[in-house]
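Worksheet: one structure, shown below.
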Amino acid sequence: MNKAVNSSVDMICSVSELATLFRQGQDIKGFLTQVVQIVSSHMQADVCSIFLYKEQRDILVLEATAGLYSDMVGKLTLKPGEGLTGLALRELRPIREGHGNNNPYYKSIPGSGEERYESFLAVPIIRGVKRVGVLVLQDERSSRFSKSDAQALKAIASQLAATLENAQLIMTLPEQNEPSVINMGIRHLIKGTQVVEGVALGQAYQMEGPGNHDKLISSIDENYKETMEDFHSAIDSTEKQLEELQNRLEKELADVASLIFSAHLLMLRDEGFFGAMEKRIHEGSSPKDAIVHVADNYITLFAGSHNPRMREKVQDIKDLGHRILENLLKEEGLHGDYSGQIILSNELLPSELLKLATQNVEGLVLFGGGITAHVSVLARSLGVPLILTEDDNIFQIPSNTALALDAHQGLLIVNPDDAARKRIEQLIEGSDQVEKLEATVLPESFTADGVRIYLRATVNLLSDLKLAKRLKAEGIGLYRSEFPFLIRSDFPSEEEQYLIYKQVVGGLDNPLVTLRTLDVGGDKILSYIPDSEEANPFLGLRAIRFLLENKKVFVGQLKAMIRAGGDRPIRILFPLISSLDDFLNARRIVMKSLSFLKRDGLGQFPVPKLGAMIELPSAVEMAPELAREADFLSLGTNDLVQYMLGVDRTNEKVADLFDVRHPAVLRAVKRVNDAARQADCPLSICGLMSKDPQTVYYMIGLGINEFSMEPGKLPGIQYAVSKMDIKQAQKDAAILPTLGTLVEVREYLEKLNLPTPDL
């Protein structure tokens with residue numbers, strides 16, 4: 001049963017298959033028609049129907065059907081709780097009946113043609129807590145649908161939820177009108193803070209800035225084509241590029257792609273968008289002016305909406321408008337994306353960053369007083385040079401101005417001279433070192449005197465697995481599971497998570513895989529959670545606290561992780577454990593999740609190894625008890641340093657006080673290690689201290705031999721470890737925690753002359 005269900009889900013949930021529907025649908029109605037046809041074919045059902053929920057009117061509307069009479073589309077409406085379809089929406093659960101008309105909730109719809117269908121299966125389409133609609137199957141045969149069919153249809157509904165919600169929003173858009181443009185001056189040098197190292201040359205592209213949040217900032221280039229035929233060609237090119245981009249994303253970034261360009265494609269085919277542009281051109285506007293005018297109308301409409309999901313679409317419209325304009329330029333050889341462009345913007349959502357990065361943006365300059373950790377980590381995984389600046393002169397730089405970005409030094413050079421341009425070009429040529437590193441890295445790591453050290457990969461995105469494999473990571477020491485949650489506009493379903501974790505588990509040859517449960521809160525806010533803003537988020541409802549308060553989310557994630565592990569004994573790590581009670585409560589939820597999997601016929605799985613993440617002073621104090629109960633411990637040194645020292649390292653005013661060599665931090669590491677050794681509990685290190693040769697040396701001296709880091713850091717740390725002598729490290733590790741000041745610690749470490757590879 002387990003294999004059959006999973007293979008069915010794998011087949012039907014293939015995102016690439018769903019993406020091909022965009023090629024077949026000429027508009028939103030056509031897209032929905034294709035959906036019901038392909039689902040009914042896959043499920044071998046006589047009828048498939050999609051009902052979308054209109055929240056303002058509190059009704060379900062039949063928007064597409066394969067099998068019922070087509071003249072009911074747009075006319076057949078149901079209240080939540082009305083009929084079996086309405087019941088599925090009201091109670092947010094699948095409804096499966098062998099003889100639908102025997103159920104007291106059954107409602108006959110005259111003129112629909114459904115009276116001859118006996119079997120009935122409906123699943124709600126949900127985006128986290130938001131109701132999107134209902135997906136319905138019917139068949140003439142009685143008792144046609146099994147539990148496996150219900151599971152498969154749930155998987156389909158979860159994959160379609162985001163796109164159907166976009167369709168729903170676009171279908172209800174009224175018309176609106178226009179805003180205005182702004183002028184900008186210029187400055188030669190912008191200073192900022194390096195967030196993701198790298199260099200780039202390109203033209204400025206103003207994504208948004210003070211006073212123009214609700215405008216499509218079009219290029220100052222006026223060299224646009226001018227005929228209706230040119231406009232149609234630009235639209236066709238845009239559609240083709242988006243389809244190709246989505247296909248590539250599904251292969252390379254399946255965990256966070258999630259049909260992220262579906263809104264673009266649906267807008268492109270919407271009569272109110274494309275048709276309005278066409279109408280203005282017929283009335284005498286140039287194609288460029290028509291595109292900007294209509295895009296600006298939609299931007300104003302979305303930005304002014306009371307619906308937060310509508311407001312999130314502003315960037316989609318700007319992105320789409322930019323691509324159409326790029327394809328309208330007379331210059332040949334353009335790709336409609338952000339090749340050769342450096343984006344200047346306010347802070348970006350993770351989903352916006354992903355869209356820019358996958359459209360070949362050269363670099364990013366963000367304005368604001370701080371940057372969230374998940375945006376910087378995501379940019380690092382995507383390899384996008386990024387600096388942060390508080391200089392609002394970036395918004396005085398006109399689009400298309402030549403820029404040189406040096407994210408090593410945190411500098412943006414406006415109109416660089418030949419010398420600056422040449423220096424950046426040389427840095428770009430030497431920036432891709434992967435092949436060189438791959439040739440030097442060894443499959444196993446040892447100290448100079450032969451002590452075995454395990455260097456594992458910290459994985460943020462599935463795309464990190466390729467580099468981890470090339471650089472011979474010895475398993476996955478930490479998989480951060482939050483990015484699929486942060487990129488989407490709602491909770492990913494259990495099925496979506498299962499497909500992601502399955503690829504993580506099978507991503508490397510080494511069998512060790514550590515999956516960390518959802519770590520949100522602090523600066524990693526899920527925008528779709530109601531009332532998620534807190535006065536002090538770092539001390540609020542984050543990580544394990546959030547999961548224990550939201551048990552449905554927790555159970556869904558655990559079930560997906562356990563299923564992905566299959567027969568392999570994966571490790572599951574709980575973040576921000578503050579007490580033994582936290583760990584025991586989390587362990588109980590794991591055992592419940594295992595029983596739910598068995599109950600649902602998905603199989604009987606081995607109990608995974610369960611670990612506690614030590615990041616809080618209270619967890620350091622409770623380390624002996626946690627070490628006795630947990631299967632392993634992990635020191636999360638980023639948060640450990642933050643909470644031990646009371647320092648937010650993203651705050652420029654106190655960032656200098658964030659020091660991994662602080663005596664209190666060194667002593668805390670020793671206490672946790674002593675507790676782990678006494679209980680014979682494995683201990684691993686992740687975060688900043690795992691990629692600093694000085695702190696790695698100290699921890700190796702304590703007897704710690706397992707470290708997890710971003711794949712690109714593996715060769716440098718392996719080289720540093722190979723020069724370390726274990727006996728000397730033990731002597732130094734005994735002295736370092738006894739030192740009382742930061743100055744003493746720094747001076748002691750400097751005298752050791754440890755290898756400092758270019759990391």
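By order in the structure tokens, chains are A, B, ...; within a chain, residues start at 1; ligands start at 1, following the order shown.
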Q. Excluding same-chain residues fewer than 3 positions from Leu266 in chain A, what lies within 8 Å of it counting only C-alpha atoms, as JSON, numbers by chain?
A. {"A": [27, 28, 166, 167, 170, 262, 263, 269, 270]}
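Residues surrounding Arg456 in chain A within 8 Å are Ala473, Glu474, Gly475, Ile476, Gly477, Glu706, Phe707, Ser708, Met709 and Leu714 of chain A [only C-alpha atoms; sequence separation below 5 positions excluded].
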Residues of range 57-135 of chain A that have any atom at most 12 Å from an atom of range 145-164 of chain A: could you tabulate them with the shortest-distance atom pair and the distance in Å to one decimal, using only C-alpha atoms, ordered by chain and increasing number, as a tab-separated table?
```
residue	atom	partner	partner_atom	distance
A:Glu63	CA	A:Leu164	CA	10.5
A:Ala64	CA	A:Leu164	CA	11.5
A:Ala88	CA	A:Lys154	CA	11.9
A:Leu92	CA	A:Lys154	CA	11.2
A:Arg93	CA	A:Lys154	CA	9.5
A:Pro94	CA	A:Ala150	CA	7.0
A:Ile95	CA	A:Ala150	CA	8.6
A:Arg96	CA	A:Phe145	CA	7.2
A:Glu97	CA	A:Phe145	CA	7.9
A:Gly98	CA	A:Phe145	CA	7.3
A:His99	CA	A:Phe145	CA	10.6
A:Gly100	CA	A:Phe145	CA	11.4
A:Glu118	CA	A:Phe145	CA	10.6
A:Ser119	CA	A:Phe145	CA	7.0
A:Phe120	CA	A:Phe145	CA	7.5
A:Leu121	CA	A:Phe145	CA	6.9
A:Ala122	CA	A:Ala150	CA	8.1
A:Val123	CA	A:Lys154	CA	6.1
A:Pro124	CA	A:Ala157	CA	7.4
A:Ile125	CA	A:Ala157	CA	5.3
A:Ile126	CA	A:Ala161	CA	6.3
A:Arg127	CA	A:Ala161	CA	6.1
A:Gly128	CA	A:Ser158	CA	9.7
A:Val129	CA	A:Ala161	CA	11.9
A:Lys130	CA	A:Ala161	CA	10.0
A:Arg131	CA	A:Ala161	CA	9.4
A:Val132	CA	A:Ala161	CA	6.9
A:Gly133	CA	A:Leu164	CA	8.4
A:Val134	CA	A:Ala157	CA	8.2
A:Leu135	CA	A:Ala157	CA	6.8
```
Store the residues of this selection in a file with C-alpha atoms, as a short mmCIF file (atom, residue, chain, number, x, y, z; two decimals), in the first residue's frame.
```cif
data_model
loop_
_atom_site.label_atom_id
_atom_site.label_comp_id
_atom_site.auth_asym_id
_atom_site.auth_seq_id
_atom_site.Cartn_x
_atom_site.Cartn_y
_atom_site.Cartn_z
CA GLU A 63 -15.48 27.48 -12.65
CA ALA A 64 -14.62 24.41 -14.74
CA ALA A 88 -15.85 19.52 2.15
CA LEU A 92 -11.83 21.25 5.45
CA ARG A 93 -11.72 17.48 4.96
CA PRO A 94 -12.15 15.02 2.09
CA ILE A 95 -15.68 13.69 1.51
CA ARG A 96 -15.76 10.19 -0.04
CA GLU A 97 -19.05 8.43 -0.75
CA GLY A 98 -19.74 5.17 -2.62
CA HIS A 99 -23.40 6.24 -3.11
CA GLY A 100 -23.39 10.02 -2.91
CA GLU A 118 -23.03 7.36 -7.98
CA SER A 119 -19.51 7.76 -6.52
CA PHE A 120 -18.38 11.08 -5.10
CA LEU A 121 -15.01 12.39 -3.89
CA ALA A 122 -14.31 16.01 -2.93
CA VAL A 123 -11.20 17.51 -1.35
CA PRO A 124 -10.85 21.11 -0.18
CA ILE A 125 -8.24 23.26 -1.92
CA ILE A 126 -6.43 25.05 0.89
CA ARG A 127 -3.52 27.48 1.14
CA GLY A 128 -2.59 27.02 4.82
CA VAL A 129 -5.63 28.39 6.65
CA LYS A 130 -7.16 30.04 3.57
CA ARG A 131 -9.98 28.37 1.65
CA VAL A 132 -9.42 28.47 -2.11
CA GLY A 133 -12.08 26.05 -3.34
CA VAL A 134 -12.97 22.37 -3.81
CA LEU A 135 -11.78 19.74 -6.30
#
```
Q. Distance CA of Arg588 in chain A-CA of Leu499 in chain A, one decimal place?
A. 24.5 Å
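Between Leu366 in chain A and the candidates A:Arg90, A:His306, A:Lys727, A:Lys191, the tightest atom-to-atom separation, counting only C-alpha atoms, involves A:Lys191.
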Q | Shortest interatomic distance to Ala733 in chain A - which of A:Val414, A:Ala404, A:Met699, A:Leu354, counting only C-alpha atoms | A | A:Met699
Q. Range 358-508 of chain A: which residues are helix (DSSP H, G or I) by DSSP, as an MDAnalysis selection string?
A. chainID A and resid 358 373:382 392:396 418:429 434:440 463:470 483:487 494:505
**Q.** Polymer residues at most 12 Å from Ala668 in chain A, only C-alpha atoms, same-chain spacing of 3 or more positions, as an MDAnalysis selection string
**A.** chainID A and resid 614:623 635:637 640:641 643:645 660:665 671:675 699 737
Q: Work out how far apart CA of Ile291 in chain A and CA of Arg248 in chain A are and give it in Å to one decimal.
A: 27.0 Å
(Q) Between CA of Glu226 in chain A and CA of Asp337 in chain A, what distance in Å does the model show, to one decimal? (A)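 Going from CA of Glu226 in chain A over to CA of Asp337 in chain A covers 20.6 Å.
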